[in-house]
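Below you'll find the structure, written out as structure tokens, and then a few comments.
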Amino acid sequence: MNEGFATYSGLLYVRAAGDTASFRKELAKRQKSAATAPALLGFEPRNYPYPVRRQVLYDKGTATLYQLHQRLGDEQFFRILTKTAAAKLATTEAFLNLVEKESSRQTREWLLAQLQV
């Protein structure tokens, strides 16, 4: 998820700078790529060629964070991002726990399911 955070944050900056067309174009490209990528959870990069690693780590992570953002809305999503960075969370489990604490058990379970497809 780390690369997904970095990539999605970059896209959010582009959008905040007023370039919504580029934001939408890049997001659509990543969503399309993510649709055929292996699951994020349990993904072992060393077992795949570079193009697949990139597809999962950058595109699928970005698309998943976008979906979470849409589900939660700006206020809650940005609060979770802020707390993720402040706590220096380094594992998916820690992030899932924070999502649950800041939103709901249902959102945690939804996100877990998204990471498994």
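Residue numbering restarts at 1 for every chain of the structure tokens, chains are lettered A, B, ... in their displayed order, and ligands are numbered from 1 as they appear.
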Query raised in the report: Any idea what's packed within 12 Å of Leu11 (chain A), counting only C-alpha atoms, ignoring anything in its chain fewer than 6 positions away? Could you give it as a VMD selection string?
Result: chain A and resid 4 to 5 17 to 30 58 to 59 62 to 63 65 to 66
Report task. To one decimal in Å, tell me the separation between CA of Thr64 (chain A) and CA of Glu109 (chain A). Result ->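 These atoms are spaced 13.4 Å apart.
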Report task. Name all residues at most 10 Å from region 100-106 of chain A (count only C-alpha atoms; drop same-chain ones fewer than 3 positions away) and give them as a PyMOL selection string. Result -> chain A and resi 72+76-77+79-80+83+94-97+109-112
Include C-alpha atoms and write out the residues we just selected as a short mmCIF file (atom, residue, chain, number, x, y, z; two decimals), in the first residue's frame.
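Output file result.cif follows:
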```cif
data_model
loop_
_atom_site.label_atom_id
_atom_site.label_comp_id
_atom_site.auth_asym_id
_atom_site.auth_seq_id
_atom_site.Cartn_x
_atom_site.Cartn_y
_atom_site.Cartn_z
CA LEU A 72 -15.56 7.93 3.35
CA GLN A 76 -12.79 11.24 7.18
CA PHE A 77 -10.37 10.06 4.48
CA ARG A 79 -8.11 12.36 8.85
CA ILE A 80 -7.16 8.71 8.30
CA LYS A 83 -3.15 9.69 11.38
CA ALA A 94 -2.23 -1.45 11.31
CA PHE A 95 -3.86 0.57 8.55
CA LEU A 96 -6.98 -1.62 8.63
CA ASN A 97 -7.19 -1.15 12.39
CA GLU A 109 -14.20 -5.39 6.26
CA TRP A 110 -15.01 -3.72 2.94
CA LEU A 111 -11.40 -2.54 2.57
CA LEU A 112 -10.05 -5.96 3.50
#
```
**Report entry** Nearest to Gln55 (chain A), chosen from A:Leu41, A:Leu68, A:Ala35, A:Ala86, with only C-alpha atoms counted in the distances
**Finding:**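 Going through A:Leu41, A:Leu68, A:Ala35, A:Ala86 one by one, the smallest distance to Gln55 (chain A) is for A:Ala35.
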Query raised in the report: Which residues come within 9 Å of Leu57 (chain A), counting only C-alpha atoms, excluding same-chain residues fewer than 6 positions away, as a PyMOL selection string?
Result: chain A and resi 1-4+40+43+45
**Report entry** Atomic separation - CA of Gln67 (chain A) relative to CA of Gln31 (chain A), Å
**Finding:** 9.9 Å
Requested in this report: Per DSSP on the backbone, filter chain A down to the residues in helix (DSSP H, G or I) and report them as a VMD selection string.
Outcome: chain A and resid 2 to 16 20 to 34 45 to 47 50 to 72 74 to 87 92 to 102 105 to 115
Query raised in the report: So, counting only C-alpha atoms, which residue among A:Leu115, A:Leu81, A:Ala39, A:Leu12 is closest to Leu98 (chain A)?
Result: A:Leu81
**Report entry** Closest of A:His69, A:Leu89, A:Asn47, A:Ala113 to Tyr8 (chain A) - atom-to-atom distances counting only C-alpha atoms
**Finding:**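 The closest residue to Tyr8 (chain A) is A:His69.
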Query - For CA of Gly10 (chain A) and CA of Phe78 (chain A), the interatomic separation in Å (one decimal) - result: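 One can read the CA of Gly10 (chain A) to CA of Phe78 (chain A) distance as 13.9 Å.
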